[in-house]
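S.K.: To be precise about what I am sending: the file is called protein31.cif and holds mmCIF, C-alpha atoms.
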data_input
loop_
_atom_site.label_atom_id
_atom_site.label_comp_id
_atom_site.auth_asym_id
_atom_site.auth_seq_id
_atom_site.Cartn_x
_atom_site.Cartn_y
_atom_site.Cartn_z
CA PRO L 22 -4.54 28.04 -58.27
CA SER L 23 -0.94 26.90 -58.31
CA LEU L 24 -1.32 24.35 -55.49
CA ARG L 25 -4.25 22.62 -57.18
CA HIS L 26 -2.60 22.74 -60.56
CA LEU L 27 0.63 21.26 -59.17
CA SER L 28 -1.21 18.56 -57.23
CA HIS L 29 -3.09 17.50 -60.35
CA TYR L 30 0.14 17.51 -62.36
CA LEU L 31 1.95 15.27 -59.85
CA LEU L 32 -0.80 12.77 -59.08
CA ALA L 33 -2.55 12.48 -62.46
CA HIS L 34 -0.47 9.53 -63.67
CA TYR L 35 1.25 8.57 -60.39
CA GLN L 36 1.47 4.85 -59.54
CA LYS L 37 1.73 4.48 -55.78
CA GLY L 38 1.98 0.69 -55.90
CA THR L 39 5.58 0.59 -57.16
CA ARG L 40 8.83 1.89 -55.75
CA PRO L 41 9.42 5.44 -57.17
CA VAL L 42 12.62 4.91 -59.18
CA ARG L 43 13.15 5.07 -62.94
CA ASP L 44 15.86 2.40 -62.84
CA TRP L 45 14.97 -0.65 -60.73
CA ARG L 46 18.63 -1.03 -59.79
CA THR L 47 18.53 2.26 -57.93
CA THR L 48 18.28 1.91 -54.13
CA THR L 49 15.82 4.08 -52.25
CA ASN L 50 17.63 5.61 -49.29
CA VAL L 51 15.35 6.43 -46.34
CA ALA L 52 16.81 8.69 -43.64
CA ILE L 53 15.08 8.41 -40.29
CA ASP L 54 15.22 10.26 -37.00
CA LEU L 55 13.37 10.30 -33.70
CA MET L 56 13.07 12.45 -30.61
CA VAL L 57 11.67 11.11 -27.34
CA TYR L 58 8.81 13.26 -26.12
CA ALA L 59 7.66 11.38 -23.00
CA ILE L 60 7.94 8.08 -21.13
CA LEU L 61 4.30 7.13 -20.56
CA SER L 62 4.57 3.87 -18.62
CA VAL L 63 6.88 0.99 -17.80
CA ASP L 64 5.08 -2.31 -17.22
CA GLU L 65 7.56 -4.56 -15.44
CA LYS L 66 5.19 -7.51 -15.19
CA ASN L 67 4.45 -7.66 -18.92
CA GLN L 68 7.86 -6.27 -19.97
CA VAL L 69 6.32 -3.47 -22.04
CA LEU L 70 7.61 0.08 -22.46
CA THR L 71 5.23 2.79 -23.66
CA THR L 72 6.87 5.91 -25.09
CA TYR L 73 5.72 8.88 -27.11
CA ILE L 74 8.16 9.87 -29.87
CA TRP L 75 8.38 12.35 -32.71
CA TYR L 76 9.33 10.29 -35.75
CA ARG L 77 10.75 11.76 -38.98
CA GLN L 78 11.78 10.17 -42.24
CA HIS L 79 12.54 11.41 -45.74
CA TRP L 80 13.34 9.80 -49.07
CA THR L 81 13.55 10.79 -52.72
CA ASP L 82 10.65 10.14 -55.09
CA GLU L 83 11.84 10.46 -58.68
CA PHE L 84 8.27 10.91 -59.98
CA LEU L 85 7.45 13.88 -57.74
CA ARG L 86 9.67 16.53 -59.34
CA TRP L 87 8.74 19.76 -61.06
CA ASP L 88 10.06 23.06 -62.26
CA PRO L 89 9.09 25.81 -59.80
CA ALA L 90 9.07 28.40 -62.60
CA ARG L 91 6.08 26.68 -64.20
CA PHE L 92 4.06 26.76 -60.98
CA ASP L 93 4.43 30.28 -59.64
CA ASN L 94 7.84 29.51 -58.00
CA LEU L 95 6.22 26.89 -55.76
CA THR L 96 9.00 24.75 -54.20
CA GLN L 97 7.07 22.70 -51.64
CA ILE L 98 3.65 21.13 -51.43
CA SER L 99 1.77 18.87 -49.04
CA LEU L 100 0.19 15.76 -50.51
CA PRO L 101 -2.04 13.07 -49.02
CA MET L 102 -0.06 10.15 -47.71
CA GLU L 103 -2.57 7.69 -49.19
CA SER L 104 -1.88 9.01 -52.71
CA ILE L 105 1.89 8.38 -52.88
CA TRP L 106 4.32 5.56 -52.22
CA VAL L 107 5.45 5.29 -48.58
CA PRO L 108 8.19 2.88 -47.37
CA ASP L 109 7.03 -0.02 -45.21
CA ILE L 110 9.25 0.79 -42.25
CA LEU L 111 8.05 -0.70 -38.99
CA ILE L 112 9.36 -1.14 -35.44
CA ASN L 113 10.25 -4.74 -34.70
CA GLU L 114 9.45 -4.44 -31.00
CA PHE L 115 5.82 -3.38 -31.57
CA VAL L 116 3.43 -5.31 -29.30
CA ASP L 117 0.32 -3.15 -29.54
CA VAL L 118 -1.04 -0.28 -31.58
CA GLY L 119 -0.89 2.87 -29.52
CA LYS L 120 -3.19 5.85 -29.62
CA SER L 121 -1.17 7.78 -32.14
CA PRO L 122 -2.71 10.80 -33.89
CA HIS L 123 -3.21 10.36 -37.61
CA VAL L 124 -1.23 12.78 -39.81
CA PRO L 125 -2.66 12.44 -43.35
CA TYR L 126 -0.13 14.60 -45.25
CA VAL L 127 3.53 14.62 -46.22
CA TYR L 128 5.71 17.43 -47.54
CA VAL L 129 7.21 17.14 -51.01
CA SER L 130 9.88 19.49 -52.42
CA HIS L 131 10.50 20.23 -56.09
CA HIS L 132 13.63 17.98 -56.00
CA GLY L 133 11.44 15.00 -55.16
CA GLU L 134 12.37 14.83 -51.46
CA VAL L 135 9.47 13.58 -49.34
CA GLN L 136 9.33 14.35 -45.61
CA ASN L 137 7.06 12.34 -43.38
CA LEU L 138 6.80 13.77 -39.86
CA LYS L 139 4.43 12.26 -37.33
CA PRO L 140 4.09 11.59 -33.59
CA ILE L 141 3.81 7.95 -32.55
CA GLN L 142 2.80 6.32 -29.29
CA VAL L 143 5.06 3.28 -29.21
CA MET L 144 4.22 0.21 -27.12
CA THR L 145 7.25 -2.04 -27.44
CA ALA L 146 8.60 -5.15 -25.78
CA CYS L 147 11.63 -4.50 -23.63
CA SER L 148 13.73 -6.68 -21.38
CA LEU L 149 13.36 -4.76 -18.12
CA ASP L 150 15.89 -5.45 -15.39
CA ILE L 151 14.36 -4.47 -12.03
CA TYR L 152 17.00 -6.04 -9.78
CA ASN L 153 18.32 -2.58 -8.81
CA PHE L 154 14.85 -1.10 -8.17
CA PRO L 155 14.35 1.78 -7.33
CA PHE L 156 17.80 2.79 -8.63
CA ASP L 157 17.40 0.93 -11.91
CA VAL L 158 18.43 2.05 -15.39
CA GLN L 159 16.57 0.57 -18.36
CA ASN L 160 17.88 0.24 -21.90
CA CYS L 161 15.13 -0.40 -24.45
CA SER L 162 15.66 -0.61 -28.19
CA LEU L 163 13.51 0.64 -31.07
CA THR L 164 14.49 -1.17 -34.28
CA PHE L 165 13.32 0.41 -37.54
CA THR L 166 13.48 -1.80 -40.60
CA SER L 167 11.64 -2.50 -43.84
CA TRP L 168 9.40 -5.49 -43.34
CA LEU L 169 9.59 -6.64 -46.98
CA HIS L 170 12.30 -4.89 -48.98
CA HIS L 171 15.90 -6.00 -48.69
CA ILE L 172 18.85 -3.65 -48.60
CA ARG L 173 19.23 -3.44 -52.39
CA ASP L 174 15.76 -1.88 -52.61
CA ILE L 175 15.51 0.16 -49.40
CA ASN L 176 18.49 1.24 -47.37
CA LEU L 177 18.32 3.12 -44.06
CA SER L 178 20.47 5.95 -42.76
CA LEU L 179 20.45 8.46 -39.92
CA TRP L 180 18.99 11.89 -40.61
CA ARG L 181 21.19 13.71 -38.08
CA GLN L 182 24.58 13.05 -36.58
CA PRO L 183 24.65 10.39 -33.80
CA GLU L 184 26.00 12.94 -31.30
CA LEU L 185 23.03 15.22 -31.92
CA VAL L 186 20.57 12.38 -31.46
CA LYS L 187 22.25 11.09 -28.30
CA PHE L 188 21.77 14.11 -26.04
CA ASP L 189 18.71 15.69 -27.64
CA ARG L 190 16.24 16.45 -24.83
CA SER L 191 14.71 19.52 -26.44
CA VAL L 192 11.18 18.10 -26.54
CA PHE L 193 11.36 15.63 -23.65
CA MET L 194 8.86 16.15 -20.83
CA ASN L 195 10.98 15.32 -17.77
CA GLN L 196 8.48 15.76 -14.94
CA GLY L 197 7.51 12.11 -14.59
CA GLU L 198 8.96 9.11 -12.83
CA TRP L 199 11.56 8.40 -15.51
CA GLU L 200 14.49 10.52 -16.65
CA LEU L 201 15.91 10.30 -20.16
CA LEU L 202 19.67 9.82 -20.10
CA TYR L 203 20.52 9.50 -23.79
CA VAL L 204 19.50 7.85 -27.08
CA LEU L 205 22.07 5.76 -28.91
CA SER L 206 21.80 4.94 -32.62
CA HIS L 207 23.32 2.03 -34.48
CA PHE L 208 23.00 0.79 -38.08
CA GLN L 209 23.47 -2.84 -39.04
CA GLU L 210 22.59 -5.42 -41.66
CA PHE L 211 21.03 -8.76 -40.90
CA SER L 212 19.76 -11.77 -42.77
CA VAL L 213 17.22 -14.45 -41.94
CA LYS L 214 18.25 -18.03 -42.72
CA SER L 215 20.90 -17.06 -45.30
CA SER L 216 18.44 -15.00 -47.33
CA ASP L 217 18.93 -11.47 -48.62
CA ASN L 218 20.32 -8.85 -46.27
CA TYR L 219 18.05 -6.29 -44.66
CA ALA L 220 18.92 -2.89 -43.27
CA GLU L 221 17.88 -1.85 -39.81
CA MET L 222 18.42 1.19 -37.63
CA LYS L 223 18.45 0.68 -33.88
CA PHE L 224 17.75 3.40 -31.34
CA TYR L 225 18.60 2.55 -27.72
CA VAL L 226 16.51 4.63 -25.33
CA VAL L 227 18.29 4.69 -21.95
CA ILE L 228 16.11 5.88 -19.06
CA ARG L 229 16.62 6.06 -15.31
CA ARG L 230 14.03 5.93 -12.55
CA ARG L 231 13.79 8.78 -10.09
CA PRO L 232 14.10 7.05 -6.68
CA LEU L 233 13.02 9.85 -4.32
CA PHE L 234 9.40 8.69 -3.98
CA TYR L 235 10.36 5.07 -3.31
CA THR L 236 13.11 6.10 -0.91
CA VAL L 237 10.66 8.10 1.20
CA SER L 238 7.78 5.62 1.06
CA LEU L 239 9.68 2.31 1.17
CA LEU L 240 13.22 2.59 2.50
CA LEU L 241 12.87 5.20 5.24
CA PRO L 242 9.97 3.50 7.14
CA SER L 243 11.87 0.22 7.06
CA ILE L 244 15.03 1.91 8.32
CA PHE L 245 13.08 3.59 11.15
CA LEU L 246 11.62 0.26 12.27
CA MET L 247 15.06 -1.35 12.26
CA VAL L 248 16.46 1.54 14.33
CA MET L 249 13.65 1.08 16.85
CA ASP L 250 14.47 -2.63 17.00
CA ILE L 251 18.08 -1.78 17.88
CA VAL L 252 16.96 0.76 20.49
CA GLY L 253 14.73 -1.93 22.03
CA PHE L 254 17.83 -3.78 23.23
CA TYR L 255 18.29 -1.11 25.90
CA LEU L 256 15.20 -2.33 27.74
CA PRO L 257 16.04 -4.49 30.79
CA PRO L 258 16.22 -8.14 29.79
CA ASN L 259 14.65 -9.36 33.04
CA SER L 260 11.39 -7.56 32.25
CA GLY L 261 8.70 -8.71 29.89
CA GLU L 262 8.40 -5.34 28.16
CA ARG L 263 11.13 -6.13 25.64
CA VAL L 264 9.33 -9.22 24.32
CA SER L 265 6.07 -7.33 23.78
CA PHE L 266 7.96 -4.46 22.18
CA LYS L 267 9.74 -6.77 19.73
CA ILE L 268 6.50 -8.57 18.85
CA THR L 269 4.83 -5.20 18.18
CA LEU L 270 7.67 -4.21 15.85
CA LEU L 271 7.42 -7.53 14.00
CA LEU L 272 3.68 -7.14 13.51
CA GLY L 273 4.14 -3.53 12.39
CA TYR L 274 6.74 -4.57 9.83
CA SER L 275 4.42 -7.31 8.52
CA VAL L 276 1.64 -4.77 8.02
CA PHE L 277 4.13 -2.46 6.30
CA LEU L 278 5.12 -5.20 3.84
CA ILE L 279 1.46 -5.90 3.06
CA ILE L 280 0.89 -2.21 2.30
CA VAL L 281 3.93 -1.81 0.03
CA SER L 282 3.52 -5.14 -1.78
CA ASP L 283 1.54 -3.45 -4.57
CA THR L 284 4.25 -0.82 -5.03
CA LEU L 285 7.04 -3.28 -5.73
CA PRO L 286 7.40 -4.35 -9.37
CA ALA L 287 6.46 -7.97 -9.99
CA THR L 288 8.10 -10.08 -12.68
CA ALA L 289 8.45 -13.77 -13.31
CA VAL L 290 12.16 -13.36 -14.13
CA GLY L 291 13.57 -12.40 -10.75
CA THR L 292 13.12 -10.55 -7.49
CA PRO L 293 14.32 -6.98 -7.05
CA LEU L 294 17.02 -6.33 -4.52
CA ILE L 295 14.67 -4.25 -2.39
CA GLY L 296 12.47 -7.33 -1.98
CA ILE L 297 15.49 -9.25 -0.68
CA TYR L 298 16.21 -6.28 1.58
CA PHE L 299 12.72 -6.48 3.11
CA VAL L 300 13.01 -10.23 3.62
CA VAL L 301 16.39 -9.87 5.35
CA CYS L 302 15.01 -7.10 7.58
CA MET L 303 12.12 -9.37 8.54
CA ALA L 304 14.60 -12.17 9.30
CA LEU L 305 16.65 -9.79 11.46
CA LEU L 306 13.55 -8.84 13.43
CA VAL L 307 12.75 -12.53 13.98
CA ILE L 308 16.34 -13.17 15.12
CA SER L 309 16.11 -10.21 17.49
CA LEU L 310 12.86 -11.55 18.97
CA THR L 311 14.38 -15.02 19.35
CA GLU L 312 17.40 -13.57 21.15
CA THR L 313 15.11 -11.62 23.48
CA ILE L 314 13.08 -14.72 24.33
CA LEU L 315 16.29 -16.64 25.04
CA ILE L 316 17.66 -13.96 27.37
CA VAL L 317 14.34 -13.53 29.21
CA ARG L 318 14.12 -17.29 29.69
CA LEU L 319 17.70 -17.36 30.94
CA VAL L 320 17.38 -14.64 33.55
CA HIS L 321 13.91 -15.58 34.77
CA LYS L 322 13.92 -16.60 38.41
CA GLN L 323 12.92 -20.23 39.09
CA ASP L 324 13.21 -22.25 42.29
CA LEU L 325 14.47 -25.34 40.45
CA GLN L 326 17.16 -23.45 38.57
CA PRO L 327 20.62 -25.01 39.04
CA HIS L 328 23.84 -23.16 39.72
CA VAL L 329 25.69 -21.55 36.85
CA PRO L 330 28.34 -23.97 35.51
CA GLU L 331 31.92 -23.01 36.17
CA TRP L 332 32.87 -22.89 32.48
CA VAL L 333 29.99 -20.48 31.81
CA LYS L 334 31.21 -18.22 34.62
CA HIS L 335 34.73 -18.40 33.25
CA LEU L 336 33.73 -17.54 29.68
CA LEU L 337 31.03 -14.95 30.27
CA LEU L 338 31.75 -13.38 33.65
CA GLU L 339 35.53 -13.20 33.20
CA ARG L 340 36.60 -13.44 29.58
CA ALA L 341 33.55 -11.86 27.89
CA THR L 342 33.46 -8.89 30.26
CA VAL L 343 37.05 -8.06 29.35
CA LEU L 344 36.31 -8.49 25.65
CA LEU L 345 33.18 -6.34 25.80
CA CYS L 346 34.83 -3.70 28.01
CA ILE L 347 32.09 -3.89 30.65
CA ARG L 348 32.90 -1.47 33.46
CA ASP L 349 31.60 -3.56 36.38
CA ARG L 350 33.30 -6.77 35.31
CA LYS L 351 35.03 -6.95 38.74
CA LYS L 352 31.65 -7.42 40.36
CA PHE L 353 30.92 -10.26 37.94
CA SER L 354 34.28 -11.90 38.64
CA GLN L 355 33.67 -11.67 42.40
CA SER L 356 30.37 -13.55 42.18
CA ARG L 357 32.15 -16.86 42.55
CA THR L 358 33.97 -15.81 45.76
CA GLN L 359 30.74 -14.42 47.21
CA SER L 360 28.92 -17.70 46.65
CA SER L 361 31.77 -19.66 48.33
CA ASP L 362 31.73 -17.29 51.32
CA ILE L 363 27.98 -17.75 51.64
CA SER L 364 28.34 -21.53 51.64
CA ARG L 365 31.05 -21.43 54.33
CA GLN L 366 28.91 -19.11 56.41
CA ALA L 367 25.99 -21.50 56.10
CA GLU L 368 28.16 -24.40 57.36
CA ASN L 369 29.25 -22.38 60.37
CA ASN L 370 25.64 -21.51 61.13
CA ASP L 371 24.69 -25.18 60.95
CA SER L 372 27.39 -26.14 63.44
CA THR L 373 26.39 -23.33 65.76
CA ALA L 374 22.68 -24.14 65.50
CA LYS L 375 23.33 -27.66 66.83
CA LEU L 376 24.38 -26.29 70.22
CA THR L 377 21.82 -26.05 72.98
CA PRO L 378 21.38 -22.93 75.13
CA TYR L 379 23.77 -24.55 77.58
CA GLY L 380 26.69 -24.43 75.18
CA CYS L 381 26.72 -28.18 74.29
CA GLU L 382 25.27 -30.24 71.51
CA ASP L 383 23.37 -32.69 73.74
CA PRO L 384 21.61 -31.74 76.99
CA ARG L 385 22.74 -34.98 78.62
CA GLU L 386 26.31 -33.91 78.14
CA CYS L 387 25.55 -30.79 80.04
CA GLY L 388 24.63 -32.95 83.02
CA VAL L 389 27.97 -34.74 82.88
CA VAL L 390 29.89 -31.55 82.69
CA GLY L 391 27.88 -29.86 85.38
CA GLY L 392 27.87 -32.82 87.85
CA THR L 393 28.13 -30.58 90.83
CA ARG L 394 24.60 -29.32 90.21
CA PRO L 395 21.89 -31.01 92.18
CA ALA L 396 19.86 -33.72 90.42
CA LEU L 397 16.66 -32.13 91.60
CA ALA L 398 17.44 -28.92 89.77
CA PHE L 399 18.11 -30.89 86.59
CA ALA L 400 14.80 -32.69 86.86
CA SER L 401 12.92 -29.46 87.48
CA ARG L 402 14.32 -27.99 84.34
CA ALA L 403 13.63 -31.04 82.12
CA GLU L 404 10.11 -29.92 81.28
CA GLY L 405 11.29 -26.42 80.32
CA SER L 406 14.11 -27.91 78.25
CA ALA L 407 11.60 -29.89 76.11
CA VAL L 408 9.68 -26.72 75.29
CA LEU L 409 12.94 -25.00 74.52
CA GLN L 410 13.94 -27.86 72.20
CA GLU L 411 10.66 -27.46 70.27
CA VAL L 412 11.25 -23.72 69.91
CA LEU L 413 14.79 -24.46 68.78
CA ARG L 414 13.60 -26.87 66.10
CA GLU L 415 11.12 -24.32 64.79
CA THR L 416 13.82 -21.66 64.74
CA THR L 417 16.17 -24.01 62.91
CA ALA L 418 13.51 -24.74 60.28
CA ILE L 419 12.91 -21.01 59.73
CA ARG L 420 16.64 -20.44 59.47
CA GLN L 421 17.03 -23.22 56.91
CA PHE L 422 14.14 -21.83 54.87
CA LEU L 423 15.69 -18.37 54.85
CA GLU L 424 19.07 -19.81 53.90
CA LYS L 425 17.46 -21.80 51.08
CA ARG L 426 15.68 -18.71 49.82
CA GLU L 427 18.92 -16.76 49.98
CA GLU L 428 20.60 -19.51 48.00
CA PHE L 429 17.86 -19.29 45.35
CA ARG L 430 18.39 -15.54 45.21
CA ASP L 431 22.11 -16.04 44.73
CA VAL L 432 21.48 -18.52 41.90
CA ALA L 433 19.01 -16.14 40.26
CA HIS L 434 21.51 -13.30 40.64
CA GLU L 435 24.23 -15.38 38.99
CA TRP L 436 21.98 -16.23 36.04
CA LEU L 437 20.97 -12.57 35.82
CA GLN L 438 24.62 -11.59 35.51
CA VAL L 439 25.15 -14.23 32.84
CA GLY L 440 22.06 -13.01 31.01
CA TYR L 441 23.23 -9.40 31.05
CA VAL L 442 26.65 -10.28 29.67
CA LEU L 443 25.19 -12.61 27.04
CA ASP L 444 22.65 -9.94 26.08
CA VAL L 445 25.41 -7.38 25.52
CA LEU L 446 27.39 -9.90 23.49
CA LEU L 447 24.47 -10.85 21.24
CA PHE L 448 23.40 -7.22 20.87
CA ARG L 449 26.82 -6.17 19.62
CA ALA L 450 26.96 -9.13 17.22
CA TYR L 451 23.48 -8.21 15.97
CA LEU L 452 24.51 -4.56 15.59
CA VAL L 453 27.61 -5.52 13.61
CA ALA L 454 25.50 -7.71 11.30
CA VAL L 455 22.96 -4.92 10.70
CA LEU L 456 25.68 -2.33 10.03
CA ALA L 457 27.54 -4.63 7.63
CA TYR L 458 24.34 -5.41 5.77
CA SER L 459 23.38 -1.72 5.54
CA VAL L 460 26.81 -0.64 4.32
CA THR L 461 26.92 -3.41 1.70
CA LEU L 462 23.45 -2.62 0.40
CA GLY L 463 24.05 1.13 0.35
CA THR L 464 27.35 0.69 -1.47
CA LEU L 465 25.77 -1.51 -4.13
CA TRP L 466 22.92 0.95 -4.74
CA SER L 467 25.35 3.89 -4.86
CA VAL L 468 27.60 2.15 -7.37
CA TRP L 469 24.63 1.26 -9.58
CA ARG L 470 23.25 4.79 -9.41
CA ASP L 471 26.58 6.38 -10.32
CA ALA L 472 27.11 3.87 -13.12
#
Can I see the file as structure tokens?

M.R.:
Amino acid sequence: PSLRHLSHYLLAHYQKGTRPVRDWRTTTNVAIDLMVYAILSVDEKNQVLTTYIWYRQHWTDEFLRWDPARFDNLTQISLPMESIWVPDILINEFVDVGKSPHVPYVYVSHHGEVQNLKPIQVMTACSLDIYNFPFDVQNCSLTFTSWLHHIRDINLSLWRQPELVKFDRSVFMNQGEWELLYVLSHFQEFSVKSSDNYAEMKFYVVIRRRPLFYTVSLLLPSIFLMVMDIVGFYLPPNSGERVSFKITLLLGYSVFLIIVSDTLPATAVGTPLIGIYFVVCMALLVISLTETILIVRLVHKQDLQPHVPEWVKHLLLERATVLLCIRDRKKFSQSRTQSSDISRQAENNDSTAKLTPYGCEDPRECGVVGGTRPALAFASRAEGSAVLQEVLRETTAIRQFLEKREEFRDVAHEWLQVGYVLDVLLFRAYLVAVLAYSVTLGTLWSVWRDA
């Protein structure tokens, strides 16, 4: 048969241990090409990228030529790869041997052109930048070069045009986590310690992560918890429900971070921005809880609580209400006049309470004024006047207790007003900080994604 006859003719005296050129000064030009088939895995911790590529290379073997007319017009034959010379082209970034299928044959044409086509599972080292996770774009290089031969023996070139290689997604399986953007190619020469120059062909595989899964599972729950924290400010500050609500949110967010800790990429180089985002959200929840505890402590009613200082009333009940556009700020500004009226009323009551039922402060004075009354009538009423004095003292004590309690209520009401105004002020400052942080983070992620 022609195939067997041709194979015996080509390999009978073939020497696969030497470079297949008749003149040693002739350079063997190897044209290479690749197509990305799939992105298998991206290991951020170990900085390893695993891809599956279709690799192609061809070169000219001057000892594998024949006349097709002598072999039944046969122009192409497949020969075992182990029987002919193959260039020692490797990938510099190789870190492990992947599970690549073994292709034992190459195609040889009657002009001596050898085509080696094979699929390769490539496990290469790559400097992965996860700072923008989950909106990150990775650029990993595959450097093909001859491990031994310098550029005068083996030179490299690109099989196809760079534009065709760049946007070729004809065989790419794009249903996974990563999306192939483009593949850049670049040829260069390099030397090691002023030795001979070597040729290398670099392919830059640029991939982008699809962020939908991480947005739904990581960002949205965190955003919902932060929204609930903001809504919690509408609970009354003088009740204990707000403190328990904030503590529940903080515990829920801690459990959420424990659950998603395995999802976040871990590297020893740096922390992704989403990790900083979670830490800042946790800090905001702690600040919100601290503010709630402060306000609850401020407005809590205590018998030993002093009056609100005048400068606090001036800043919060007058100036801050105007700044915050609080509708009932007139009621807050009138609190000072109400307290002064209450004090004046208490003084008047004290002066009135000192009078006896006879209209004088001392019963003996009543006798002087009413000297026309008989002395016997005054003596007969002395015993009843003592009982009346005891009742009067008891009534005065009850009145003083009620006035003291009313004063405590006024003090508590003043602190409650201060607490409400301070709560509104801190809430709006907290809301501005959260909005500024959200806008900044969203803008950064949008710019990185568009870039």

S.K.: Choose the residue, out of L:Phe115, L:Tyr451, L:Phe208, L:Phe266, that has the smallest atom-to-atom separation from Ala304 in chain L; count only C-alpha atoms.

M.R.: L:Tyr451

S.K.: Given the PyMOL selection byres ((chain L and resi 57) around 6) and the file above, list the residues it selects as a CSV table (one decimal) with C-alpha atoms, keeping the file's coordinate frame.

M.R.:
chain,number,residue,atom,x,y,z
L,56,MET,CA,13.1,12.4,-30.6
L,58,TYR,CA,8.8,13.3,-26.1
L,59,ALA,CA,7.7,11.4,-23.0
L,74,ILE,CA,8.2,9.9,-29.9
L,193,PHE,CA,11.4,15.6,-23.6

S.K.: Please enumerate the residues selected by the PyMOL selection byres ((chain L and resi 185) around 12) when evaluated against the supplied file, formatted as a PyMOL selection string.

M.R.: chain L and resi 54-56+179-184+186-191+203-206

S.K.: Which residue is closest to His79 in chain L? Choose from L:Ser121, L:Thr464, L:Ser99, L:Gln136 and count all atoms listed in the file.

M.R.: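 Of all the options, L:Gln136 lies closest to His79 in chain L.
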
S.K.: Counting all atoms listed in the file, figure out which residue out of L:Thr48, L:Ser260, L:Ser275, L:Gln421 gets nearest to Arg318 in chain L.

M.R.: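 Closest candidate: L:Ser260.
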
S.K.: Measuring atom to atom with all atoms listed in the file, identify which of L:Gly273, L:Pro155, L:Pro41, L:Gly296 is nearest to Phe234 in chain L.

M.R.: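 The shortest atom-to-atom distance to Phe234 in chain L comes from L:Pro155.
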
S.K.: Tell me which protein, DNA and RNA residues are within 7 Å of Thr164 in chain L, counting only C-alpha atoms, leaving out same-chain ones fewer than 3 positions away, and put them as a ChimeraX atom specification.

M.R.: /L:112-114,221-224

S.K.: For the provided coordinates, the residues matched by the PyMOL selection byres ((chain L and resi 127) around 8) should be stated as a list in words.

M.R.: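 The output of the PyMOL selection byres ((chain L and resi 127) around 8) on this file is Ser99, Leu100, Pro101, Met102, Pro125, Tyr126, Tyr128, Val129, Val135, Gln136, Asn137 and Leu138 of chain L.
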
S.K.: Kindly indicate which residue among L:Ser406, L:Ser459, L:Ser243, L:Thr47 lies nearest to Phe277 in chain L, using all atoms listed in the file for the distances.

M.R.: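 Looking at the shortest contact to Phe277 in chain L, the residue is L:Ser243.
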
S.K.: Record the distance separating CA of Cys147 in chain L and CA of Leu285 in chain L, expressed in Å with one decimal.

M.R.: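 Computing it gives 18.5 Å between the two atoms.
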
S.K.: In terms of the shortest atom-to-atom distance over all atoms listed in the file, which of L:Ile175, L:Val116, L:Leu163, L:Leu305 is closest to His207 in chain L?

M.R.: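 Closest to His207 in chain L of all the choices is L:Leu163.
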